[in-house]
file query-v5.pdb (PDB, C-alpha atoms, pLDDT in the B column)
ATOM      1  CA  MET A 762     -68.109 181.983  99.781  1.00 93.00           C
ATOM      2  CA  THR A 763     -67.560 178.230  99.843  1.00 93.00           C
ATOM      3  CA  ILE A 764     -68.587 176.212  96.783  1.00 95.00           C
ATOM      4  CA  GLN A 765     -69.444 172.545  97.147  1.00 94.00           C
ATOM      5  CA  LEU A 766     -69.981 170.039  94.341  1.00 96.00           C
ATOM      6  CA  ASP A 767     -72.051 167.003  95.331  1.00 95.00           C
ATOM      7  CA  GLY A 768     -71.164 167.687  98.963  1.00 92.00           C
ATOM      8  CA  VAL A 769     -67.405 168.147  98.429  1.00 93.00           C
ATOM      9  CA  THR A 770     -65.808 171.565  98.966  1.00 93.00           C
ATOM     10  CA  VAL A 771     -64.108 172.624  95.723  1.00 94.00           C
ATOM     11  CA  SER A 772     -63.401 176.312  96.333  1.00 93.00           C
ATOM     12  CA  THR A 773     -63.590 179.154  98.818  1.00 93.00           C
ATOM     13  CA  THR A 774     -63.425 182.600  97.262  1.00 93.00           C
ATOM     14  CA  MET A 775     -63.729 186.214  98.301  1.00 94.00           C
ATOM     15  CA  ARG A 776     -66.715 187.554  96.363  1.00 95.00           C
ATOM     16  CA  THR A 777     -69.203 190.379  96.169  1.00 95.00           C
ATOM     17  CA  PRO A 778     -72.570 188.933  97.307  1.00 94.00           C
ATOM     18  CA  GLY A 779     -75.125 188.560  94.568  1.00 94.00           C
ATOM     19  CA  HIS A 780     -75.639 186.020  91.767  1.00 97.00           C
ATOM     20  CA  ASP A 781     -74.086 183.416  94.052  1.00 97.00           C
ATOM     21  CA  PHE A 782     -75.680 180.455  92.270  1.00 98.00           C
ATOM     22  CA  GLU A 783     -74.325 181.697  88.949  1.00 98.00           C
ATOM     23  CA  LEU A 784     -70.859 182.033  90.486  1.00 98.00           C
ATOM     24  CA  ALA A 785     -70.947 178.468  91.821  1.00 98.00           C
ATOM     25  CA  ALA A 786     -72.257 177.001  88.565  1.00 98.00           C
ATOM     26  CA  GLY A 787     -69.811 178.986  86.456  1.00 98.00           C
ATOM     27  CA  PHE A 788     -66.825 177.993  88.577  1.00 97.00           C
ATOM     28  CA  CYS A 789     -67.698 174.302  88.385  1.00 97.00           C
ATOM     29  CA  HIS A 790     -68.129 174.535  84.613  1.00 97.00           C
ATOM     30  CA  THR A 791     -65.013 176.542  83.788  1.00 95.00           C
ATOM     31  CA  GLU A 792     -62.842 174.349  86.011  1.00 93.00           C
ATOM     32  CA  GLY A 793     -64.072 171.255  84.208  1.00 94.00           C
ATOM     33  CA  LEU A 794     -65.531 169.789  87.392  1.00 96.00           C
ATOM     34  CA  LEU A 795     -68.912 169.021  85.836  1.00 97.00           C
ATOM     35  CA  ALA A 796     -67.398 167.118  82.900  1.00 95.00           C
ATOM     36  CA  GLY A 797     -70.634 167.633  80.997  1.00 95.00           C
ATOM     37  CA  ALA A 798     -72.916 166.498  83.812  1.00 97.00           C
ATOM     38  CA  PRO A 799     -76.115 168.571  84.110  1.00 97.00           C
ATOM     39  CA  ILE A 800     -76.781 170.519  87.294  1.00 97.00           C
ATOM     40  CA  ASP A 801     -79.689 168.992  89.169  1.00 96.00           C
ATOM     41  CA  ALA A 802     -79.997 171.658  91.868  1.00 95.00           C
ATOM     42  CA  ILE A 803     -78.190 174.604  93.474  1.00 95.00           C
ATOM     43  CA  ARG A 804     -78.902 175.790  96.984  1.00 93.00           C
ATOM     44  CA  TYR A 805     -77.462 177.555  99.981  1.00 93.00           C
ATOM     45  CA  CYS A 806     -76.341 174.939 102.417  1.00 83.00           C
ATOM     46  CA  GLY A 807     -73.844 174.124 105.136  1.00 61.00           C
ATOM     47  CA  THR A 808     -73.909 172.503 108.533  1.00 60.00           C
ATOM     48  CA  GLY A 809     -77.038 174.442 109.454  1.00 63.00           C
ATOM     49  CA  SER A 810     -79.528 176.747 107.799  1.00 65.00           C
ATOM     50  CA  ALA A 811     -78.600 179.240 105.095  1.00 67.00           C
ATOM     51  CA  VAL A 812     -79.075 181.993 107.650  1.00 68.00           C
ATOM     52  CA  ALA A 813     -76.708 180.265 110.072  1.00 65.00           C
ATOM     53  CA  THR A 814     -73.989 180.175 107.437  1.00 68.00           C
ATOM     54  CA  GLU A 815     -74.817 183.749 106.360  1.00 75.00           C
ATOM     55  CA  PHE A 816     -75.537 182.574 102.800  1.00 86.00           C
ATOM     56  CA  ASN A 817     -71.834 181.862 102.331  1.00 92.00           C
ATOM     57  CA  VAL A 818     -72.018 178.159 101.395  1.00 94.00           C
ATOM     58  CA  VAL A 819     -73.463 177.156  98.019  1.00 95.00           C
ATOM     59  CA  GLY A 820     -73.949 173.553  96.989  1.00 94.00           C
ATOM     60  CA  VAL A 821     -74.063 172.431  93.349  1.00 96.00           C
ATOM     61  CA  ASP A 822     -75.736 169.038  92.966  1.00 96.00           C
ATOM     62  CA  THR A 823     -75.456 166.769  89.926  1.00 97.00           C
ATOM     63  CA  ALA A 824     -77.031 163.746  91.627  1.00 95.00           C
ATOM     64  CA  GLY A 825     -73.625 162.117  91.522  1.00 94.00           C
ATOM     65  CA  LEU A 826     -73.237 162.349  87.729  1.00 97.00           C
ATOM     66  CA  ALA A 827     -70.150 164.587  87.853  1.00 97.00           C
ATOM     67  CA  PRO A 828     -66.807 162.917  88.598  1.00 96.00           C
ATOM     68  CA  MET A 829     -65.925 162.831  92.280  1.00 93.00           C
ATOM     69  CA  PRO A 830     -64.049 166.103  92.841  1.00 90.00           C
ATOM     70  CA  THR A 831     -60.821 166.374  94.785  1.00 82.00           C
ATOM     71  CA  PRO A 832     -61.453 168.371  97.978  1.00 74.00           C
ATOM     72  CA  ARG A 833     -59.775 171.787  97.949  1.00 68.00           C
ATOM     73  CA  LEU A 834     -59.057 173.206 101.371  1.00 60.00           C
ATOM     74  CA  GLY A 835     -57.206 176.337 100.285  1.00 54.00           C
ATOM     75  CA  THR A 836     -58.675 179.720  99.425  1.00 53.00           C
ATOM     76  CA  THR A 837     -58.993 180.917  95.838  1.00 53.00           C
ATOM     77  CA  SER A 838     -56.879 184.064  95.493  1.00 49.00           C
ATOM     78  CA  SER A 839     -57.141 187.009  93.130  1.00 47.00           C
ATOM     79  CA  SER A 840     -54.184 185.753  91.110  1.00 47.00           C
ATOM     80  CA  CYS A 841     -54.706 183.222  88.370  1.00 49.00           C
ATOM     81  CA  GLY A 842     -52.541 180.506  89.924  1.00 49.00           C
ATOM     82  CA  TRP A 843     -51.075 179.397  86.598  1.00 49.00           C
ATOM     83  CA  CYS A 844     -47.328 179.087  86.370  1.00 47.00           C
ATOM     84  CA  GLY A 845     -46.268 177.717  82.987  1.00 51.00           C
ATOM     85  CA  SER A 846     -46.978 176.431  79.502  1.00 56.00           C
ATOM     86  CA  ASP A 847     -47.261 172.854  80.802  1.00 63.00           C
ATOM     87  CA  GLN A 848     -50.653 173.785  82.212  1.00 66.00           C
ATOM     88  CA  ILE A 849     -51.756 175.016  78.790  1.00 69.00           C
ATOM     89  CA  ASP A 850     -50.834 171.576  77.459  1.00 70.00           C
ATOM     90  CA  GLU A 851     -52.993 170.040  80.173  1.00 72.00           C
ATOM     91  CA  LEU A 852     -55.827 172.390  79.238  1.00 70.00           C
ATOM     92  CA  THR A 853     -55.751 171.313  75.596  1.00 70.00           C
ATOM     93  CA  GLU A 854     -56.279 167.746  76.754  1.00 77.00           C
ATOM     94  CA  ARG A 855     -59.619 168.853  78.227  1.00 83.00           C
ATOM     95  CA  LEU A 856     -60.717 171.501  75.720  1.00 91.00           C
ATOM     96  CA  ALA A 857     -60.563 171.219  71.932  1.00 92.00           C
ATOM     97  CA  PRO A 858     -59.698 174.316  69.880  1.00 94.00           C
ATOM     98  CA  LEU A 859     -62.838 176.258  69.017  1.00 96.00           C
ATOM     99  CA  ALA A 860     -64.269 175.962  65.525  1.00 94.00           C
ATOM    100  CA  PRO A 861     -63.646 179.058  63.375  1.00 91.00           C
ATOM    101  CA  THR A 862     -66.425 181.663  63.414  1.00 92.00           C
ATOM    102  CA  ALA A 863     -66.932 184.898  61.537  1.00 91.00           C
ATOM    103  CA  PRO A 864     -64.630 187.511  63.142  1.00 92.00           C
ATOM    104  CA  ILE A 865     -66.203 190.363  65.073  1.00 96.00           C
ATOM    105  CA  ASP A 866     -65.483 193.713  63.438  1.00 96.00           C
ATOM    106  CA  LEU A 867     -62.717 195.655  65.190  1.00 96.00           C
ATOM    107  CA  ALA A 868     -64.896 198.777  65.265  1.00 96.00           C
ATOM    108  CA  VAL A 869     -67.486 196.810  67.238  1.00 97.00           C
ATOM    109  CA  ILE A 870     -64.831 195.552  69.662  1.00 97.00           C
ATOM    110  CA  ALA A 871     -63.619 199.110  70.280  1.00 97.00           C
ATOM    111  CA  ARG A 872     -67.103 200.207  71.385  1.00 97.00           C
ATOM    112  CA  ILE A 873     -67.639 197.446  73.939  1.00 98.00           C
ATOM    113  CA  PRO A 874     -65.811 198.894  76.998  1.00 97.00           C
ATOM    114  CA  GLY A 875     -67.823 202.107  76.794  1.00 97.00           C
ATOM    115  CA  LEU A 876     -71.109 200.260  76.419  1.00 97.00           C
ATOM    116  CA  VAL A 877     -70.361 198.002  79.385  1.00 98.00           C
ATOM    117  CA  ARG A 878     -69.210 200.959  81.486  1.00 96.00           C
ATOM    118  CA  GLU A 879     -72.693 202.465  81.180  1.00 96.00           C
ATOM    119  CA  ARG A 880     -74.098 199.393  82.938  1.00 96.00           C
ATOM    120  CA  GLN A 881     -71.497 199.037  85.710  1.00 96.00           C
ATOM    121  CA  GLU A 882     -73.766 200.335  88.457  1.00 95.00           C
ATOM    122  CA  LEU A 883     -71.722 199.025  91.379  1.00 94.00           C
ATOM    123  CA  PHE A 884     -68.515 200.428  89.919  1.00 94.00           C
ATOM    124  CA  ALA A 885     -70.219 203.798  89.527  1.00 94.00           C
ATOM    125  CA  ASP A 886     -71.030 203.743  93.246  1.00 94.00           C
ATOM    126  CA  THR A 887     -67.726 202.358  94.551  1.00 95.00           C
ATOM    127  CA  GLY A 888     -65.030 202.466  91.873  1.00 92.00           C
ATOM    128  CA  ALA A 889     -63.774 199.225  93.362  1.00 92.00           C
ATOM    129  CA  VAL A 890     -65.220 196.283  91.437  1.00 95.00           C
ATOM    130  CA  HIS A 891     -64.558 194.527  88.157  1.00 96.00           C
ATOM    131  CA  ALA A 892     -67.008 193.612  85.436  1.00 98.00           C
ATOM    132  CA  ALA A 893     -67.529 190.894  82.853  1.00 98.00           C
ATOM    133  CA  ALA A 894     -70.057 191.004  80.046  1.00 98.00           C
ATOM    134  CA  THR A 895     -71.216 189.218  76.933  1.00 98.00           C
ATOM    135  CA  PHE A 896     -71.674 190.901  73.579  1.00 98.00           C
ATOM    136  CA  THR A 897     -72.885 189.929  70.130  1.00 98.00           C
ATOM    137  CA  PRO A 898     -71.078 190.398  66.806  1.00 97.00           C
ATOM    138  CA  ASP A 899     -73.358 193.396  66.260  1.00 97.00           C
ATOM    139  CA  GLY A 900     -72.125 195.025  69.476  1.00 97.00           C
ATOM    140  CA  ASP A 901     -75.183 194.406  71.627  1.00 98.00           C
ATOM    141  CA  VAL A 902     -74.161 193.948  75.267  1.00 98.00           C
ATOM    142  CA  GLY A 903     -76.072 191.163  77.001  1.00 98.00           C
ATOM    143  CA  LEU A 904     -75.248 189.933  80.502  1.00 98.00           C
ATOM    144  CA  VAL A 905     -73.207 192.200  82.774  1.00 98.00           C
ATOM    145  CA  ARG A 906     -71.936 190.996  86.142  1.00 98.00           C
ATOM    146  CA  GLU A 907     -69.778 192.819  88.708  1.00 98.00           C
ATOM    147  CA  ASP A 908     -67.599 191.460  91.490  1.00 97.00           C
ATOM    148  CA  VAL A 909     -64.584 192.427  93.540  1.00 95.00           C
ATOM    149  CA  GLY A 910     -62.811 189.547  91.787  1.00 94.00           C
ATOM    150  CA  ARG A 911     -62.363 189.544  88.014  1.00 93.00           C
ATOM    151  CA  HIS A 912     -62.529 185.757  87.881  1.00 95.00           C
ATOM    152  CA  ASN A 913     -65.744 185.749  89.883  1.00 97.00           C
ATOM    153  CA  ALA A 914     -67.377 188.238  87.528  1.00 97.00           C
ATOM    154  CA  VAL A 915     -66.523 185.976  84.587  1.00 98.00           C
ATOM    155  CA  ASP A 916     -67.812 182.882  86.396  1.00 98.00           C
ATOM    156  CA  LYS A 917     -71.076 184.697  87.175  1.00 98.00           C
ATOM    157  CA  VAL A 918     -71.588 185.478  83.491  1.00 98.00           C
ATOM    158  CA  ILE A 919     -70.755 181.938  82.398  1.00 98.00           C
ATOM    159  CA  GLY A 920     -72.851 180.438  85.188  1.00 98.00           C
ATOM    160  CA  ALA A 921     -75.844 182.518  84.102  1.00 98.00           C
ATOM    161  CA  LEU A 922     -75.448 181.238  80.540  1.00 98.00           C
ATOM    162  CA  LEU A 923     -75.054 177.652  81.740  1.00 98.00           C
ATOM    163  CA  LEU A 924     -78.201 177.766  83.866  1.00 98.00           C
ATOM    164  CA  ALA A 925     -80.127 179.262  80.927  1.00 98.00           C
ATOM    165  CA  ASP A 926     -78.861 176.582  78.499  1.00 97.00           C
ATOM    166  CA  GLY A 927     -76.890 179.293  76.706  1.00 97.00           C
ATOM    167  CA  LEU A 928     -73.591 177.421  76.315  1.00 98.00           C
ATOM    168  CA  PRO A 929     -71.531 177.131  74.248  1.00 97.00           C
ATOM    169  CA  ALA A 930     -71.453 180.869  73.509  1.00 97.00           C
ATOM    170  CA  GLU A 931     -70.620 180.363  69.828  1.00 94.00           C
ATOM    171  CA  GLY A 932     -69.884 183.560  67.922  1.00 95.00           C
ATOM    172  CA  ALA A 933     -70.202 185.769  71.006  1.00 98.00           C
ATOM    173  CA  GLY A 934     -67.590 187.871  72.770  1.00 98.00           C
ATOM    174  CA  LEU A 935     -66.580 188.172  76.428  1.00 98.00           C
ATOM    175  CA  PHE A 936     -65.538 191.516  77.927  1.00 98.00           C
ATOM    176  CA  VAL A 937     -63.354 191.660  81.043  1.00 98.00           C
ATOM    177  CA  SER A 938     -62.234 194.694  82.993  1.00 95.00           C
ATOM    178  CA  GLY A 939     -58.592 194.848  83.966  1.00 89.00           C
ATOM    179  CA  ARG A 940     -55.945 192.654  82.394  1.00 92.00           C
ATOM    180  CA  ALA A 941     -56.595 189.418  80.530  1.00 95.00           C
ATOM    181  CA  SER A 942     -54.975 186.619  82.516  1.00 94.00           C
ATOM    182  CA  VAL A 943     -54.600 183.091  81.214  1.00 93.00           C
ATOM    183  CA  GLU A 944     -57.394 181.991  83.514  1.00 93.00           C
ATOM    184  CA  MET A 945     -59.735 184.500  81.883  1.00 95.00           C
ATOM    185  CA  VAL A 946     -58.927 182.969  78.506  1.00 96.00           C
ATOM    186  CA  GLN A 947     -59.356 179.475  79.931  1.00 95.00           C
ATOM    187  CA  LYS A 948     -62.817 180.341  81.240  1.00 97.00           C
ATOM    188  CA  ALA A 949     -63.800 181.937  77.927  1.00 98.00           C
ATOM    189  CA  TRP A 950     -62.515 178.843  76.127  1.00 97.00           C
ATOM    190  CA  ALA A 951     -64.521 176.518  78.352  1.00 97.00           C
ATOM    191  CA  ALA A 952     -67.647 178.569  77.619  1.00 98.00           C
ATOM    192  CA  GLY A 953     -67.068 178.717  73.852  1.00 98.00           C
ATOM    193  CA  PHE A 954     -66.523 182.472  73.423  1.00 98.00           C
ATOM    194  CA  CYS A 955     -64.781 183.337  70.159  1.00 97.00           C
ATOM    195  CA  THR A 956     -63.448 186.722  71.320  1.00 98.00           C
ATOM    196  CA  VAL A 957     -62.067 188.134  74.584  1.00 98.00           C
ATOM    197  CA  VAL A 958     -61.845 191.903  75.037  1.00 98.00           C
ATOM    198  CA  ALA A 959     -59.879 193.473  77.900  1.00 98.00           C
ATOM    199  CA  VAL A 960     -59.262 197.072  78.864  1.00 96.00           C
ATOM    200  CA  SER A 961     -55.702 196.312  79.962  1.00 96.00           C
ATOM    201  CA  ALA A 962     -52.869 194.052  78.859  1.00 96.00           C
ATOM    202  CA  PRO A 963     -52.924 190.279  78.479  1.00 96.00           C
ATOM    203  CA  THR A 964     -50.277 188.062  80.016  1.00 95.00           C
ATOM    204  CA  ALA A 965     -47.953 186.041  77.781  1.00 93.00           C
ATOM    205  CA  LEU A 966     -49.676 182.821  78.849  1.00 93.00           C
ATOM    206  CA  ALA A 967     -53.063 184.343  78.035  1.00 95.00           C
ATOM    207  CA  VAL A 968     -51.845 185.069  74.508  1.00 96.00           C
ATOM    208  CA  ALA A 969     -50.470 181.523  74.154  1.00 93.00           C
ATOM    209  CA  ALA A 970     -53.728 180.006  75.392  1.00 94.00           C
ATOM    210  CA  ALA A 971     -55.857 182.192  73.102  1.00 96.00           C
ATOM    211  CA  ARG A 972     -53.815 181.123  70.098  1.00 96.00           C
ATOM    212  CA  ARG A 973     -54.230 177.457  71.041  1.00 94.00           C
ATOM    213  CA  ALA A 974     -57.979 177.964  71.496  1.00 95.00           C
ATOM    214  CA  ASN A 975     -58.608 179.927  68.265  1.00 96.00           C
ATOM    215  CA  ILE A 976     -59.850 182.874  70.355  1.00 97.00           C
ATOM    216  CA  VAL A 977     -59.395 186.464  69.215  1.00 97.00           C
ATOM    217  CA  LEU A 978     -57.757 188.306  72.127  1.00 98.00           C
ATOM    218  CA  ALA A 979     -57.772 192.120  72.179  1.00 97.00           C
ATOM    219  CA  GLY A 980     -56.238 194.260  74.904  1.00 97.00           C
ATOM    220  CA  PHE A 981     -55.891 197.950  75.792  1.00 97.00           C
ATOM    221  CA  VAL A 982     -59.282 198.429  74.145  1.00 97.00           C
ATOM    222  CA  THR A 983     -60.653 201.974  74.060  1.00 93.00           C
ATOM    223  CA  HIS A 984     -63.030 203.751  71.720  1.00 89.00           C
ATOM    224  CA  ASP A 985     -60.198 204.677  69.354  1.00 89.00           C
ATOM    225  CA  HIS A 986     -57.456 202.109  69.960  1.00 92.00           C
ATOM    226  CA  LEU A 987     -56.882 198.412  70.575  1.00 96.00           C
ATOM    227  CA  ASN A 988     -54.156 195.799  70.267  1.00 96.00           C
ATOM    228  CA  VAL A 989     -54.885 192.326  68.879  1.00 97.00           C
ATOM    229  CA  TYR A 990     -52.655 189.625  70.391  1.00 97.00           C
ATOM    230  CA  ALA A 991     -54.304 186.505  69.025  1.00 96.00           C
ATOM    231  CA  PRO A 992     -54.390 185.120  66.424  1.00 94.00           C
ATOM    232  CA  ASP A 993     -50.863 185.770  65.130  1.00 80.00           C
ATOM    233  CA  ARG A 994     -52.307 187.512  62.094  1.00 74.00           C
ATOM    234  CA  LEU A 995     -55.763 188.850  61.369  1.00 74.00           C
ATOM    235  CA  PRO A 996     -57.497 187.469  58.264  1.00 67.00           C
TER     236      PRO A 996
END
call {"tool": "encode", "arguments": {"input": "query-v5.pdb", "output": "structure tokens"}}
result
Amino acid sequence: MTIQLDGVTVSTTMRTPGHDFELAAGFCHTEGLLAGAPIDAIRYCGTGSAVATEFNVVGVDTAGLAPMPTPRLGTTSSSCGWCGSDQIDELTERLAPLAPTAPIDLAVIARIPGLVRERQELFADTGAVHAAATFTPDGDVGLVREDVGRHNAVDKVIGALLLADGLPAEGAGLFVSGRASVEMVQKAWAAGFCTVVAVSAPTALAVAAARRANIVLAGFVTHDHLNVYAPDRLP
């Protein structure tokens, strides 16, 4: 699917169809392309009708309020694309560390993967997609989105919150299936999540970014075990 911002192509990604507008909105937000500009409209578009482009081109329109984006002609891959701590420094220039919030109880965090798994309908059918989900400090799972790409699933969740005026997600947690890459932490940071929960390991850059952001980062989370990688020490 190709994502356009005010008529300029900013990404092309392999995705599982469904919640396409959320994906486009979430990507533009987490990449900082909106710069706080409100979304005026989202629609399927392209050189012809939506049918002609097989619903694979989505345009995000801010009526020109967002900064002019730099056209991106490459394809977004499944890897995070980050290569060093210099990019974390660049990220901190765009995003301020999150304000401290009450920590989510570790027992609540341990329950989240199982609760989300119960709502992963596409995974139950195929065993081949990732999931992202929101959860409250009480352990209530809210939005759940699935996609062949982990990053896309996260962008769909964040896009849904953005379009519902639900950002920043202060005090809430973000669940991700698979490992926690630095881009996952970056997206959670941009959305204001205080906690990121992953069922696999985080990367070293993800840990560094979470510590800069004041995000609690937990990995290898199961019903009876988890590792906390950020902050350095629990309160």
call {"tool": "resolve_selection", "arguments": {"input": "query-v5.pdb", "expression": "the PyMOL selection byres ((chain A and resi 925-933) around 9)", "output": "PDB file with C-alpha atoms, keeping the file's coordinate frame"}}
result
ATOM      1  CA  LEU A 859     -62.838 176.258  69.017  1.00 96.00           C
ATOM      2  CA  ALA A 860     -64.269 175.962  65.525  1.00 94.00           C
ATOM      3  CA  PRO A 861     -63.646 179.058  63.375  1.00 91.00           C
ATOM      4  CA  THR A 862     -66.425 181.663  63.414  1.00 92.00           C
ATOM      5  CA  ALA A 863     -66.932 184.898  61.537  1.00 91.00           C
ATOM      6  CA  PRO A 864     -64.630 187.511  63.142  1.00 92.00           C
ATOM      7  CA  ILE A 865     -66.203 190.363  65.073  1.00 96.00           C
ATOM      8  CA  THR A 895     -71.216 189.218  76.933  1.00 98.00           C
ATOM      9  CA  PHE A 896     -71.674 190.901  73.579  1.00 98.00           C
ATOM     10  CA  THR A 897     -72.885 189.929  70.130  1.00 98.00           C
ATOM     11  CA  PRO A 898     -71.078 190.398  66.806  1.00 97.00           C
ATOM     12  CA  ILE A 919     -70.755 181.938  82.398  1.00 98.00           C
ATOM     13  CA  GLY A 920     -72.851 180.438  85.188  1.00 98.00           C
ATOM     14  CA  ALA A 921     -75.844 182.518  84.102  1.00 98.00           C
ATOM     15  CA  LEU A 922     -75.448 181.238  80.540  1.00 98.00           C
ATOM     16  CA  LEU A 923     -75.054 177.652  81.740  1.00 98.00           C
ATOM     17  CA  LEU A 924     -78.201 177.766  83.866  1.00 98.00           C
ATOM     18  CA  GLY A 934     -67.590 187.871  72.770  1.00 98.00           C
ATOM     19  CA  LEU A 935     -66.580 188.172  76.428  1.00 98.00           C
ATOM     20  CA  ALA A 949     -63.800 181.937  77.927  1.00 98.00           C
ATOM     21  CA  ALA A 951     -64.521 176.518  78.352  1.00 97.00           C
ATOM     22  CA  ALA A 952     -67.647 178.569  77.619  1.00 98.00           C
ATOM     23  CA  GLY A 953     -67.068 178.717  73.852  1.00 98.00           C
ATOM     24  CA  PHE A 954     -66.523 182.472  73.423  1.00 98.00           C
ATOM     25  CA  CYS A 955     -64.781 183.337  70.159  1.00 97.00           C
ATOM     26  CA  THR A 956     -63.448 186.722  71.320  1.00 98.00           C
TER      27      THR A 956
END
call {"tool": "resolve_selection", "arguments": {"input": "query-v5.pdb", "expression": "the PyMOL selection byres ((chain A and resi 946) around 12)", "output": "PyMOL selection string"}}
result
chain A and resi 791+841+843+849+852+856+912+915-916+934-937+940-945+947-959+963-979+991
call {"tool": "residues_around", "arguments": {"input": "query-v5.pdb", "residues": "stretch 883-887 of chain A", "least_positions_apart": "5", "cutoff": "12 Å", "atoms": "only C-alpha atoms", "output": "JSON, numbers by chain"}}
result
{"A": [777, 778, 779, 877, 878, 892, 893, 905, 906, 907, 908, 909, 938]}
call {"tool": "atom_distance", "arguments": {"input": "query-v5.pdb", "atom1": "atom CA of A:Val982", "atom2": "atom CA of A:Val960"}}
result
4.9 Å
call {"tool": "residues_around", "arguments": {"input": "query-v5.pdb", "residues": "A:Leu876", "least_positions_apart": "3", "cutoff": "9 Å", "atoms": "only C-alpha atoms", "output": "count of residues only"}}
result
7
call {"tool": "atom_distance", "arguments": {"input": "query-v5.pdb", "atom1": "atom CA of A:Pro828", "atom2": "atom CA of A:Glu792"}}
result
12.4 Å
call {"tool": "residues_around", "arguments": {"input": "query-v5.pdb", "residues": "stretch 782-786 of chain A", "least_positions_apart": "2", "cutoff": "7 Å", "atoms": "all atoms listed in the file", "output": "JSON, numbers by chain"}}
result
{"A": [764, 780, 788, 789, 790, 803, 819, 821, 913, 916, 917, 920, 921]}
call {"tool": "atom_distance", "arguments": {"input": "query-v5.pdb", "atom1": "atom CA of A:Leu826", "atom2": "atom CA of A:Gly793"}}
result
13.3 Å
call {"tool": "closest_residue", "arguments": {"input": "query-v5.pdb", "among": "A:His986, A:Arg911, A:Arg804, A:Arg855", "to": "A:Asp822", "atoms": "all atoms listed in the file"}}
result
A:Arg804
call {"tool": "closest_residue", "arguments": {"input": "query-v5.pdb", "among": "A:Pro874, A:Gly787, A:Gly797, A:Gly825", "to": "A:Gly939", "atoms": "only C-alpha atoms"}}
result
A:Pro874
call {"tool": "closest_residue", "arguments": {"input": "query-v5.pdb", "among": "A:Leu766, A:Asp899, A:His891, A:Met775", "to": "A:Leu867", "atoms": "all atoms listed in the file"}}
result
A:Asp899
